[in-house]
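Text of the file protein.tsv, holding TSV, C-alpha atoms:
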```tsv
chain	number	residue	atom	x	y	z
A	3	MET	CA	0.00	0.00	0.00
A	4	LYS	CA	1.34	3.38	-0.98
A	5	LYS	CA	1.10	6.60	0.96
A	6	SER	CA	0.19	9.92	-0.66
A	7	LEU	CA	2.86	12.58	-0.15
A	8	GLY	CA	1.06	15.36	-2.02
A	9	ALA	CA	2.01	17.40	-5.08
A	10	LYS	CA	5.80	17.54	-4.67
A	11	THR	CA	8.94	17.49	-6.82
A	12	PHE	CA	10.12	14.17	-5.34
A	13	ALA	CA	11.83	12.74	-8.42
A	14	TYR	CA	15.10	10.79	-8.18
A	15	PRO	CA	17.70	11.37	-9.45
A	16	THR	CA	17.89	15.05	-10.32
A	17	PRO	CA	21.20	16.46	-11.58
A	18	VAL	CA	23.60	19.00	-10.10
A	19	TRP	CA	24.51	21.23	-13.02
A	20	VAL	CA	26.16	24.66	-12.96
A	21	ILE	CA	24.88	27.01	-15.66
A	22	GLY	CA	27.43	29.43	-17.11
A	23	THR	CA	26.42	32.74	-18.74
A	24	TYR	CA	27.83	36.12	-19.66
A	25	ASP	CA	25.87	39.16	-18.49
A	26	LYS	CA	25.31	42.30	-20.61
A	27	ASP	CA	28.79	43.56	-19.74
A	28	GLY	CA	30.50	40.25	-20.52
A	29	LYS	CA	31.01	39.30	-16.90
A	30	PRO	CA	30.85	35.53	-16.35
A	31	ASN	CA	28.29	34.20	-13.89
A	32	VAL	CA	27.35	30.73	-12.70
A	33	MET	CA	24.27	29.25	-11.04
A	34	THR	CA	23.47	25.73	-9.90
A	35	VAL	CA	20.27	24.01	-11.04
A	36	ALA	CA	18.68	20.64	-10.37
A	37	TRP	CA	15.63	21.21	-12.58
A	38	GLY	CA	16.82	19.93	-15.94
A	39	GLY	CA	17.47	16.99	-18.20
A	40	ILE	CA	18.26	15.87	-21.72
A	41	CYS	CA	15.20	16.59	-23.88
A	42	GLY	CA	16.13	15.49	-27.39
A	43	SER	CA	18.51	13.32	-29.43
A	44	GLN	CA	18.38	14.77	-32.96
A	45	PRO	CA	19.58	17.45	-32.53
A	46	PRO	CA	20.98	16.72	-29.06
A	47	CYS	CA	19.14	19.07	-26.68
A	48	VAL	CA	18.99	19.76	-22.98
A	49	ALA	CA	16.41	21.61	-20.90
A	50	VAL	CA	16.94	23.62	-17.72
A	51	SER	CA	14.36	25.54	-15.69
A	52	ILE	CA	15.33	28.86	-14.12
A	53	ARG	CA	13.26	31.46	-12.26
A	54	SER	CA	12.92	34.83	-13.95
A	55	ALA	CA	14.15	36.54	-10.78
A	56	THR	CA	17.65	35.13	-11.24
A	57	TYR	CA	20.54	37.01	-12.84
A	58	THR	CA	21.21	34.00	-15.08
A	59	HIS	CA	17.72	34.19	-16.61
A	60	GLY	CA	18.29	37.57	-18.23
A	61	SER	CA	21.72	36.58	-19.47
A	62	ILE	CA	20.38	33.49	-21.25
A	63	ILE	CA	17.69	35.57	-22.96
A	64	LEU	CA	20.26	38.21	-23.96
A	65	ARG	CA	23.07	35.94	-25.16
A	66	LYS	CA	20.92	33.03	-26.39
A	67	ALA	CA	23.55	30.70	-25.02
A	68	PHE	CA	24.60	28.92	-21.84
A	69	THR	CA	26.92	26.17	-20.72
A	70	ILE	CA	26.19	23.25	-18.45
A	71	ASN	CA	29.21	22.63	-16.28
A	72	ILE	CA	29.07	19.26	-14.56
A	73	PRO	CA	30.86	19.33	-11.22
A	74	SER	CA	32.62	16.37	-9.66
A	75	ALA	CA	31.76	15.34	-6.11
A	76	ALA	CA	34.91	17.20	-5.00
A	77	HIS	CA	33.17	20.45	-6.03
A	78	VAL	CA	30.12	19.92	-3.83
A	79	LYS	CA	30.75	23.03	-1.71
A	80	ALA	CA	31.20	25.30	-4.73
A	81	ALA	CA	28.13	23.85	-6.46
A	82	ASP	CA	26.02	24.42	-3.35
A	83	TYR	CA	27.33	27.97	-2.95
A	84	PHE	CA	26.55	28.76	-6.61
A	85	GLY	CA	22.90	27.88	-5.92
A	86	MET	CA	22.51	30.14	-2.89
A	87	VAL	CA	23.89	33.53	-3.90
A	88	SER	CA	23.02	35.87	-6.79
A	89	GLY	CA	25.58	36.87	-9.39
A	90	ARG	CA	24.16	40.38	-9.11
A	91	LYS	CA	25.80	40.67	-5.71
A	92	GLU	CA	28.92	38.52	-5.83
A	93	ASP	CA	31.56	37.29	-8.25
A	94	LYS	CA	30.84	33.69	-7.41
A	95	LEU	CA	33.65	32.15	-9.45
A	96	ALA	CA	36.27	34.38	-7.84
A	97	ALA	CA	34.87	33.64	-4.39
A	98	ALA	CA	35.10	29.90	-5.07
A	99	GLY	CA	38.59	30.16	-6.57
A	100	LEU	CA	37.42	28.80	-9.93
A	101	THR	CA	38.23	30.02	-13.42
A	102	ALA	CA	35.95	31.00	-16.31
A	103	VAL	CA	37.04	30.60	-19.91
A	104	LYS	CA	35.22	31.61	-23.08
A	105	SER	CA	33.55	28.65	-24.74
A	106	GLU	CA	34.67	27.70	-28.20
A	107	LYS	CA	31.26	27.48	-29.84
A	108	VAL	CA	28.77	29.55	-27.83
A	109	ASP	CA	28.65	32.98	-26.21
A	110	ALA	CA	28.95	31.71	-22.65
A	111	PRO	CA	31.76	30.92	-20.22
A	112	SER	CA	32.70	27.49	-18.94
A	113	ILE	CA	34.46	26.47	-15.75
A	114	VAL	CA	38.01	25.26	-16.33
A	115	GLU	CA	38.16	23.10	-13.19
A	116	PHE	CA	34.95	21.13	-13.90
A	117	PRO	CA	35.43	17.90	-15.87
A	118	LEU	CA	32.57	17.97	-18.37
A	119	ILE	CA	30.97	20.93	-20.21
A	120	LEU	CA	27.98	21.10	-22.55
A	121	GLU	CA	28.01	24.16	-24.83
A	122	CYS	CA	24.39	25.08	-25.55
A	123	ARG	CA	22.65	27.42	-27.96
A	124	LEU	CA	19.19	28.57	-26.86
A	125	ILE	CA	16.59	27.34	-29.33
A	126	ASP	CA	13.29	27.64	-27.44
A	127	HIS	CA	11.76	28.45	-24.07
A	128	ILE	CA	8.37	28.09	-22.42
A	129	GLU	CA	6.97	29.31	-19.13
A	130	VAL	CA	6.20	26.63	-16.53
A	131	GLY	CA	4.71	28.34	-13.46
A	132	ILE	CA	7.36	30.53	-11.86
A	133	HIS	CA	10.13	28.96	-13.96
A	134	THR	CA	11.22	29.50	-17.53
A	135	HIS	CA	12.05	26.21	-19.19
A	136	PHE	CA	14.97	26.82	-21.56
A	137	ILE	CA	15.70	24.39	-24.40
A	138	GLY	CA	19.33	24.40	-25.55
A	139	GLU	CA	20.85	22.61	-28.49
A	140	ILE	CA	24.07	20.95	-27.37
A	141	VAL	CA	26.54	22.11	-30.01
A	142	ASP	CA	29.58	20.54	-28.38
A	143	VAL	CA	30.69	18.59	-25.32
A	144	LYS	CA	34.11	19.27	-23.82
A	145	ALA	CA	35.76	16.85	-21.41
A	146	ASP	CA	39.00	16.84	-19.46
A	147	GLU	CA	41.31	14.23	-20.95
A	148	SER	CA	41.73	12.91	-17.40
A	149	VAL	CA	38.08	11.76	-17.23
A	150	LEU	CA	38.09	9.87	-20.53
A	151	GLY	CA	38.09	6.08	-20.48
A	152	ASP	CA	37.33	3.29	-22.93
A	153	GLU	CA	37.04	4.39	-26.56
A	154	GLY	CA	37.67	8.00	-25.56
A	155	MET	CA	34.29	8.26	-23.84
A	156	PRO	CA	33.75	9.93	-20.47
A	157	ASP	CA	34.14	7.47	-17.58
A	158	ILE	CA	31.45	8.14	-14.98
A	159	PHE	CA	33.75	6.97	-12.16
A	160	LYS	CA	36.25	9.63	-13.21
A	161	VAL	CA	33.69	12.40	-13.80
A	162	LYS	CA	32.04	11.56	-10.42
A	163	PRO	CA	28.78	13.47	-11.07
A	164	MET	CA	26.47	14.23	-8.16
A	165	ILE	CA	22.78	13.50	-7.59
A	166	TYR	CA	20.51	16.02	-5.90
A	167	GLU	CA	17.67	14.68	-3.76
A	168	PRO	CA	14.89	17.30	-3.74
A	169	GLY	CA	12.97	15.98	-0.69
A	170	ILE	CA	15.33	16.50	2.23
A	171	ARG	CA	17.68	18.37	-0.13
A	172	ARG	CA	20.90	16.40	-0.05
A	173	TYR	CA	23.72	15.60	-2.46
A	174	TYR	CA	24.85	12.07	-3.23
A	175	GLY	CA	27.54	10.53	-5.39
A	176	THR	CA	27.40	7.99	-8.21
A	177	GLY	CA	26.91	4.40	-7.11
A	178	GLU	CA	27.91	0.98	-8.34
A	179	PHE	CA	27.62	-0.38	-11.89
A	180	LEU	CA	24.27	-2.17	-12.26
A	181	GLY	CA	24.19	-3.30	-15.87
A	182	GLN	CA	24.61	-2.56	-19.54
A	183	ALA	CA	21.59	-0.80	-21.07
A	184	PHE	CA	19.79	-2.28	-24.07
A	185	SER	CA	21.27	-5.58	-22.99
A	186	ILE	CA	20.67	-6.63	-19.36
A	187	GLY	CA	16.89	-6.69	-19.84
A	188	LYS	CA	16.82	-8.74	-23.04
A	189	ARG	CA	14.39	-11.65	-22.91
A	190	ASP	CA	15.20	-14.91	-24.65
B	18	MET	CA	42.98	21.26	-21.63
B	19	LYS	CA	39.64	19.88	-22.68
B	20	LYS	CA	38.90	17.64	-25.61
B	21	SER	CA	35.92	18.20	-27.91
B	22	LEU	CA	33.61	15.19	-28.07
B	23	GLY	CA	31.13	16.70	-30.53
B	24	ALA	CA	27.40	17.40	-30.27
B	25	LYS	CA	26.31	14.58	-27.95
B	26	THR	CA	23.85	13.95	-25.11
B	27	PHE	CA	26.64	13.32	-22.59
B	28	ALA	CA	24.95	14.71	-19.50
B	29	TYR	CA	25.30	13.06	-16.09
B	30	PRO	CA	23.21	11.97	-14.31
B	31	THR	CA	20.12	11.18	-16.36
B	32	PRO	CA	17.25	9.35	-14.66
B	33	VAL	CA	15.76	5.91	-15.23
B	34	TRP	CA	12.02	6.49	-15.17
B	35	VAL	CA	9.23	4.21	-16.36
B	36	ILE	CA	6.29	6.05	-17.92
B	37	GLY	CA	2.86	4.49	-17.35
B	38	THR	CA	-0.08	5.14	-19.71
B	39	TYR	CA	-3.42	3.67	-20.74
B	40	ASP	CA	-4.00	3.15	-24.44
B	41	LYS	CA	-7.29	3.86	-26.23
B	42	ASP	CA	-8.72	0.55	-25.01
B	43	GLY	CA	-7.65	1.06	-21.42
B	44	LYS	CA	-4.74	-1.37	-21.61
B	45	PRO	CA	-1.83	-0.34	-19.38
B	46	ASN	CA	1.55	0.15	-21.00
B	47	VAL	CA	4.98	1.16	-19.71
B	48	MET	CA	8.09	2.59	-21.32
B	49	THR	CA	11.47	3.58	-19.88
B	50	VAL	CA	12.92	7.03	-20.49
B	51	ALA	CA	16.13	8.80	-19.54
B	52	TRP	CA	15.30	12.09	-21.25
B	53	GLY	CA	13.49	13.97	-18.50
B	54	GLY	CA	13.70	16.07	-15.38
B	55	ILE	CA	11.83	18.28	-12.97
B	56	CYS	CA	10.92	21.50	-14.79
B	57	GLY	CA	8.97	23.60	-12.29
B	58	SER	CA	8.27	24.13	-8.60
B	59	GLN	CA	4.97	26.06	-8.51
B	60	PRO	CA	3.10	24.07	-9.63
B	61	PRO	CA	5.43	21.07	-9.33
B	62	CYS	CA	6.08	19.91	-12.89
B	63	VAL	CA	8.16	17.31	-14.65
B	64	ALA	CA	9.19	16.99	-18.30
B	65	VAL	CA	9.81	13.83	-20.31
B	66	SER	CA	10.77	13.53	-23.99
B	67	ILE	CA	9.31	10.71	-26.06
B	68	ARG	CA	9.53	9.95	-29.79
B	69	SER	CA	6.27	10.16	-31.71
B	70	ALA	CA	6.86	6.63	-33.07
B	71	THR	CA	6.30	5.10	-29.62
B	72	TYR	CA	3.02	3.63	-28.43
B	73	THR	CA	3.28	5.70	-25.23
B	74	HIS	CA	3.31	8.97	-27.21
B	75	GLY	CA	-0.22	8.53	-28.57
B	76	SER	CA	-1.55	7.42	-25.20
B	77	ILE	CA	-0.24	10.55	-23.45
B	78	ILE	CA	-1.85	12.77	-26.08
B	79	LEU	CA	-5.13	10.83	-25.81
B	80	ARG	CA	-5.39	10.54	-22.03
B	81	LYS	CA	-3.58	13.78	-21.13
B	82	ALA	CA	-1.97	11.92	-18.25
B	83	PHE	CA	0.97	9.70	-17.38
B	84	THR	CA	2.77	8.36	-14.36
B	85	ILE	CA	6.48	8.33	-13.62
B	86	ASN	CA	7.33	5.08	-11.89
B	87	ILE	CA	10.76	5.17	-10.29
B	88	PRO	CA	12.35	1.72	-10.23
B	89	SER	CA	14.75	0.53	-7.57
B	90	ALA	CA	18.10	-0.92	-8.61
B	91	ALA	CA	16.56	-4.38	-8.10
B	92	HIS	CA	14.30	-3.65	-11.10
B	93	VAL	CA	17.15	-2.92	-13.51
B	94	LYS	CA	16.30	-5.81	-15.85
B	95	ALA	CA	12.62	-4.86	-16.07
B	96	ALA	CA	13.46	-1.18	-16.61
B	97	ASP	CA	15.88	-2.05	-19.40
B	98	TYR	CA	13.35	-4.39	-21.03
B	99	PHE	CA	10.64	-1.69	-20.89
B	100	GLY	CA	12.90	0.56	-22.98
B	101	MET	CA	13.57	-1.98	-25.73
B	102	VAL	CA	10.17	-3.38	-26.74
B	103	SER	CA	6.99	-1.68	-27.95
B	104	GLY	CA	3.73	-1.99	-26.05
B	105	ARG	CA	2.05	-2.42	-29.42
B	106	LYS	CA	3.58	-5.87	-29.64
B	107	GLU	CA	3.89	-7.13	-26.08
B	108	ASP	CA	2.19	-6.84	-22.70
B	109	LYS	CA	5.39	-5.71	-21.06
B	110	LEU	CA	4.11	-5.66	-17.48
B	111	ALA	CA	2.82	-9.23	-17.73
B	112	ALA	CA	6.10	-10.36	-19.29
B	113	ALA	CA	8.04	-8.80	-16.41
B	114	GLY	CA	5.69	-10.19	-13.77
B	115	LEU	CA	4.73	-6.71	-12.55
B	116	THR	CA	1.31	-5.31	-11.70
B	117	ALA	CA	-0.50	-2.22	-12.95
B	118	VAL	CA	-3.02	-0.39	-10.78
B	119	LYS	CA	-5.21	2.60	-11.65
B	120	SER	CA	-3.79	5.80	-10.25
B	121	GLU	CA	-5.85	7.71	-7.76
B	122	LYS	CA	-5.66	11.15	-9.38
B	123	VAL	CA	-4.84	10.74	-13.07
B	124	ASP	CA	-6.00	8.56	-15.97
B	125	ALA	CA	-2.86	6.42	-16.07
B	126	PRO	CA	-1.67	3.21	-14.43
B	127	SER	CA	1.14	2.89	-11.93
B	128	ILE	CA	3.38	-0.07	-11.11
B	129	VAL	CA	2.58	-1.62	-7.73
B	130	GLU	CA	6.07	-3.07	-7.20
B	131	PHE	CA	7.98	0.20	-7.81
B	132	PRO	CA	8.63	2.30	-4.69
B	133	LEU	CA	7.87	5.84	-5.84
B	134	ILE	CA	5.23	7.12	-8.29
B	135	LEU	CA	4.54	10.60	-9.65
B	136	GLU	CA	1.00	11.06	-10.94
B	137	CYS	CA	1.10	13.62	-13.75
B	138	ARG	CA	-1.48	15.58	-15.70
B	139	LEU	CA	-0.34	16.75	-19.15
B	140	ILE	CA	-0.32	20.56	-19.27
B	141	ASP	CA	1.87	21.36	-22.30
B	142	HIS	CA	4.09	19.86	-24.97
B	143	ILE	CA	6.56	21.13	-27.54
B	144	GLU	CA	8.44	19.45	-30.34
B	145	VAL	CA	12.23	19.12	-29.93
B	146	GLY	CA	13.63	17.48	-33.04
B	147	ILE	CA	12.38	13.89	-33.25
B	148	HIS	CA	11.08	14.01	-29.66
B	149	THR	CA	7.97	15.50	-28.13
B	150	HIS	CA	8.76	17.17	-24.84
B	151	PHE	CA	5.79	16.61	-22.52
B	152	ILE	CA	5.25	18.85	-19.49
B	153	GLY	CA	3.25	17.22	-16.71
B	154	GLU	CA	1.95	18.78	-13.54
B	155	ILE	CA	2.74	16.46	-10.63
B	156	VAL	CA	-0.63	16.20	-8.89
B	157	ASP	CA	0.46	13.62	-6.33
B	158	VAL	CA	3.44	11.50	-5.28
B	159	LYS	CA	2.84	8.02	-3.92
B	160	ALA	CA	5.50	6.13	-1.98
B	161	ASP	CA	5.72	2.70	-0.44
B	162	GLU	CA	5.68	3.04	3.34
B	163	SER	CA	8.79	0.84	3.35
B	164	VAL	CA	10.89	3.53	1.62
B	165	LEU	CA	9.92	6.38	3.96
B	166	GLY	CA	12.45	7.64	6.47
B	167	ASP	CA	12.91	10.71	8.63
B	168	GLU	CA	9.86	12.96	8.87
B	169	GLY	CA	7.93	10.65	6.56
B	170	MET	CA	10.05	11.66	3.57
B	171	PRO	CA	11.38	9.20	0.98
B	172	ASP	CA	14.82	7.86	1.97
B	173	ILE	CA	17.03	7.67	-1.13
B	174	PHE	CA	18.92	4.66	0.28
B	175	LYS	CA	15.62	2.79	0.52
B	176	VAL	CA	14.25	3.95	-2.86
B	177	LYS	CA	17.61	3.06	-4.51
B	178	PRO	CA	17.00	5.01	-7.76
B	179	MET	CA	19.23	4.35	-10.75
B	180	ILE	CA	21.35	6.65	-12.92
B	181	TYR	CA	21.57	6.17	-16.68
B	182	GLU	CA	24.84	7.08	-18.37
B	183	PRO	CA	24.05	8.00	-22.01
B	184	GLY	CA	27.60	7.69	-23.39
B	185	ILE	CA	28.42	4.01	-23.08
B	186	ARG	CA	24.82	3.39	-22.00
B	187	ARG	CA	25.10	1.86	-18.56
B	188	TYR	CA	23.07	1.89	-15.36
B	189	TYR	CA	24.50	2.86	-11.99
B	190	GLY	CA	23.18	3.05	-8.45
B	191	THR	CA	23.01	5.87	-5.93
B	192	GLY	CA	26.29	6.68	-4.23
B	193	GLU	CA	27.39	8.02	-0.87
B	194	PHE	CA	26.01	11.05	0.99
B	195	LEU	CA	28.06	14.12	0.05
B	196	GLY	CA	26.43	16.97	1.93
B	197	GLN	CA	23.33	18.89	2.89
B	198	ALA	CA	22.17	21.30	0.19
B	199	PHE	CA	21.73	25.00	0.94
B	200	SER	CA	24.15	24.43	3.79
B	201	ILE	CA	27.48	22.76	2.92
B	202	GLY	CA	28.44	25.60	0.56
B	203	LYS	CA	27.68	28.48	2.92
B	204	ARG	CA	30.50	30.97	3.22
B	205	ASP	CA	31.22	32.70	6.51
```
Please render this file's structure as structure tokens.
Amino acid sequence: MKKSLGAKTFAYPTPVWVIGTYDKDGKPNVMTVAWGGICGSQPPCVAVSIRSATYTHGSIILRKAFTINIPSAAHVKAADYFGMVSGRKEDKLAAAGLTAVKSEKVDAPSIVEFPLILECRLIDHIEVGIHTHFIGEIVDVKADESVLGDEGMPDIFKVKPMIYEPGIRRYYGTGEFLGQAFSIGKRD
Amino acid sequence: MKKSLGAKTFAYPTPVWVIGTYDKDGKPNVMTVAWGGICGSQPPCVAVSIRSATYTHGSIILRKAFTINIPSAAHVKAADYFGMVSGRKEDKLAAAGLTAVKSEKVDAPSIVEFPLILECRLIDHIEVGIHTHFIGEIVDVKADESVLGDEGMPDIFKVKPMIYEPGIRRYYGTGEFLGQAFSIGKRD
């Protein structure tokens, strides 16, 4: 028997992604989101939801570009900090001792110290309650050579991405290998 | 120095969610997705992307409802199977030995054996390449009493949600506790 918990955002896992943008003056800013996910394969697209009150929101509209910077577990404090403070008030990257670099393919900065970056071009957005749901086409993925494994693909145990748990609001790491997709569930 | 990997859907983590729908005849069907995420807080909303070729796609449009059934790691084989075969051809739940039950608040079935269910009412959809991106309002969350922990909230170590890794296409479990959000990153 299941218990009703009400209308809540209790979905597991949600990601821990740091959105990189340039403001109107070209100053880099970053903001952590958990409301997002891949939303298309051809072209590869990703969606993130951001409140209009944030500094990042205006920068995405203005520049029509953003990056998704995927932090490793070692960056948990920086990622949490980036979600609590507005870029209007603080230079968050400087405060965290991290470095912004211009992306190769979009008008947005990426974080040098984070292992995996998605460079995204804004292609659509819709309003969902108090959030704007931004759809970005992923025009390139950049990875540190140190996190690449078999066949030059990112190795999740080297990237060490985090999970956010939206109920009691905690961060978790990546767990054990469970199986190969499109294979382990095959029926004879 | 980072290496360019091209325009790919290499975002970590992505979820492993099983979408439940009724078809035009009221037959329950399920399908696994990794393209999705929470997309709003007020009202609580979730987005999932599904190709128009799938059987699930037509059922969501018809019924304007779906469930997100979050499998535990123990259900990895069933979840993988649900993503490989069409409900047009097979009764996937019967084949996996799992049970559908009518949801309380939406016109969609949920899976009795899965620990956490989001009951969703379709409120919007947009086309993103070959996928339709469905926005659902989460009208209720149902959880097995056995996965509830402190303060009656879901305990992630009891739910045991999976991560999907879209590069080499593997499933992983939930890892270790890393920190309390909106707290661990506070600066003095």
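Of the residues listed (B:Arg80, B:Lys109, B:His150, B:Lys175), B:His150 shows the shortest atom-to-atom separation from chain A; distances use all atoms listed in the file.
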What are the closest atom pairs, with distances in Å to one decimal, for all residues of chain A lying within 6 Å of chain B? Consider all atoms listed in the file, order rows by chain and residue number, and present the result as a tab-separated table.
```
residue	atom	partner	partner_atom	distance
A:Lys4	CA	B:Asp161	CA	4.5
A:Lys5	CA	B:Ala160	CA	5.3
A:Ser6	CA	B:Lys159	CA	4.6
A:Leu7	CA	B:Val158	CA	5.3
A:Gly8	CA	B:Asp157	CA	4.7
A:Ala9	CA	B:Asp157	CA	4.3
A:Lys10	CA	B:Pro61	CA	5.9
A:Thr11	CA	B:Pro61	CA	5.6
A:Pro15	CA	B:Pro32	CA	5.6
A:Pro17	CA	B:Pro30	CA	5.6
A:Trp37	CA	B:Ile55	CA	4.8
A:Gly38	CA	B:Gly54	CA	5.0
A:Gly39	CA	B:Gly54	CA	4.8
A:Ile40	CA	B:Trp52	CA	4.8
A:Cys41	CA	B:Trp52	CA	5.2
A:Gly42	CA	B:His148	CA	5.7
A:Gln44	CA	B:Gly146	CA	5.5
A:Pro45	CA	B:Gly146	CA	6.0
A:Pro46	CA	B:Thr26	CA	5.6
A:Ser51	CA	B:Cys56	CA	5.4
A:Lys79	CA	B:Gly202	CA	4.1
A:Ala80	CA	B:Gly202	CA	6.0
A:Asp82	CA	B:Gly202	CA	4.7
A:Tyr83	CA	B:Gly202	CA	4.4
A:Val130	CA	B:Gly57	CA	5.9
A:Gly131	CA	B:Gln59	CA	5.5
A:His133	CA	B:Gly57	CA	5.7
A:Ile140	CA	B:Ala24	CA	5.7
A:Val141	CA	B:Ala24	CA	4.8
A:Asp142	CA	B:Ala24	CA	4.3
A:Val143	CA	B:Leu22	CA	5.3
A:Lys144	CA	B:Ser21	CA	4.6
A:Ala145	CA	B:Lys19	CA	5.1
A:Asp146	CA	B:Lys19	CA	4.5
A:Arg171	CA	B:Ala198	CA	5.4
A:Arg172	CA	B:Gln197	CA	4.6
A:Tyr173	CA	B:Leu195	CA	5.2
A:Tyr174	CA	B:Phe194	CA	4.5
A:Gly175	CA	B:Gly192	CA	4.2
A:Thr176	CA	B:Gly192	CA	4.3
A:Gly177	CA	B:Gly192	CA	3.7
A:Glu178	CA	B:Gly190	CA	5.2
A:Phe179	CA	B:Tyr189	CA	4.5
A:Leu180	CA	B:Tyr189	CA	5.0
A:Gly181	CA	B:Tyr188	CA	5.3
A:Gln182	CA	B:Arg187	CA	4.6
A:Ala183	CA	B:Arg187	CA	5.1
A:Ile186	CA	B:Lys94	CA	5.7
A:Gly187	CA	B:Lys94	CA	4.1
A:Lys188	CA	B:Tyr98	CA	5.9
```
Q: For Pro111 of chain A, list every protein, DNA or RNA residue within 6 Å, evaluated using only C-alpha atoms, and leave out those in the same chain fewer than 5 positions away; present the list as a PyMOL selection string.
A: chain A and resi 22-23+102-105
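Nearest to Asp109 of chain A of all the residues A:Ile21, A:Tyr57, A:Phe68, A:Asn31 is A:Phe68, based on all atoms listed in the file.
We find atom CA of Gly89 of chain A and atom CA of Ser74 of chain A to be spaced 21.7 Å apart.
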Taking the structure in the block just given, could you write segment 38-92 of chain A with C-alpha atoms, as a PDB file, in the first residue's frame?
```pdb
ATOM      1  CA  GLY A  38      16.817  19.931 -15.937  1.00  0.00           C
ATOM      2  CA  GLY A  39      17.473  16.989 -18.204  1.00  0.00           C
ATOM      3  CA  ILE A  40      18.255  15.867 -21.716  1.00  0.00           C
ATOM      4  CA  CYS A  41      15.198  16.594 -23.883  1.00  0.00           C
ATOM      5  CA  GLY A  42      16.131  15.491 -27.393  1.00  0.00           C
ATOM      6  CA  SER A  43      18.505  13.322 -29.432  1.00  0.00           C
ATOM      7  CA  GLN A  44      18.380  14.775 -32.964  1.00  0.00           C
ATOM      8  CA  PRO A  45      19.580  17.447 -32.530  1.00  0.00           C
ATOM      9  CA  PRO A  46      20.976  16.717 -29.057  1.00  0.00           C
ATOM     10  CA  CYS A  47      19.143  19.068 -26.684  1.00  0.00           C
ATOM     11  CA  VAL A  48      18.992  19.760 -22.979  1.00  0.00           C
ATOM     12  CA  ALA A  49      16.407  21.615 -20.904  1.00  0.00           C
ATOM     13  CA  VAL A  50      16.940  23.621 -17.720  1.00  0.00           C
ATOM     14  CA  SER A  51      14.360  25.539 -15.692  1.00  0.00           C
ATOM     15  CA  ILE A  52      15.331  28.857 -14.124  1.00  0.00           C
ATOM     16  CA  ARG A  53      13.255  31.457 -12.263  1.00  0.00           C
ATOM     17  CA  SER A  54      12.920  34.831 -13.955  1.00  0.00           C
ATOM     18  CA  ALA A  55      14.146  36.543 -10.778  1.00  0.00           C
ATOM     19  CA  THR A  56      17.652  35.129 -11.237  1.00  0.00           C
ATOM     20  CA  TYR A  57      20.535  37.006 -12.841  1.00  0.00           C
ATOM     21  CA  THR A  58      21.213  34.001 -15.078  1.00  0.00           C
ATOM     22  CA  HIS A  59      17.724  34.185 -16.609  1.00  0.00           C
ATOM     23  CA  GLY A  60      18.285  37.574 -18.229  1.00  0.00           C
ATOM     24  CA  SER A  61      21.720  36.583 -19.475  1.00  0.00           C
ATOM     25  CA  ILE A  62      20.383  33.489 -21.249  1.00  0.00           C
ATOM     26  CA  ILE A  63      17.692  35.570 -22.957  1.00  0.00           C
ATOM     27  CA  LEU A  64      20.260  38.212 -23.958  1.00  0.00           C
ATOM     28  CA  ARG A  65      23.072  35.940 -25.159  1.00  0.00           C
ATOM     29  CA  LYS A  66      20.918  33.034 -26.395  1.00  0.00           C
ATOM     30  CA  ALA A  67      23.550  30.704 -25.021  1.00  0.00           C
ATOM     31  CA  PHE A  68      24.604  28.922 -21.845  1.00  0.00           C
ATOM     32  CA  THR A  69      26.921  26.170 -20.722  1.00  0.00           C
ATOM     33  CA  ILE A  70      26.189  23.246 -18.454  1.00  0.00           C
ATOM     34  CA  ASN A  71      29.210  22.627 -16.279  1.00  0.00           C
ATOM     35  CA  ILE A  72      29.068  19.255 -14.557  1.00  0.00           C
ATOM     36  CA  PRO A  73      30.856  19.330 -11.219  1.00  0.00           C
ATOM     37  CA  SER A  74      32.622  16.375  -9.656  1.00  0.00           C
ATOM     38  CA  ALA A  75      31.765  15.342  -6.108  1.00  0.00           C
ATOM     39  CA  ALA A  76      34.910  17.203  -5.000  1.00  0.00           C
ATOM     40  CA  HIS A  77      33.174  20.452  -6.030  1.00  0.00           C
ATOM     41  CA  VAL A  78      30.116  19.925  -3.832  1.00  0.00           C
ATOM     42  CA  LYS A  79      30.746  23.029  -1.706  1.00  0.00           C
ATOM     43  CA  ALA A  80      31.198  25.298  -4.734  1.00  0.00           C
ATOM     44  CA  ALA A  81      28.130  23.850  -6.455  1.00  0.00           C
ATOM     45  CA  ASP A  82      26.020  24.417  -3.350  1.00  0.00           C
ATOM     46  CA  TYR A  83      27.326  27.974  -2.953  1.00  0.00           C
ATOM     47  CA  PHE A  84      26.546  28.762  -6.611  1.00  0.00           C
ATOM     48  CA  GLY A  85      22.896  27.882  -5.923  1.00  0.00           C
ATOM     49  CA  MET A  86      22.506  30.143  -2.888  1.00  0.00           C
ATOM     50  CA  VAL A  87      23.889  33.528  -3.901  1.00  0.00           C
ATOM     51  CA  SER A  88      23.021  35.866  -6.793  1.00  0.00           C
ATOM     52  CA  GLY A  89      25.582  36.870  -9.386  1.00  0.00           C
ATOM     53  CA  ARG A  90      24.164  40.381  -9.113  1.00  0.00           C
ATOM     54  CA  LYS A  91      25.800  40.667  -5.714  1.00  0.00           C
ATOM     55  CA  GLU A  92      28.918  38.520  -5.826  1.00  0.00           C
TER      56      GLU A  92
END
```
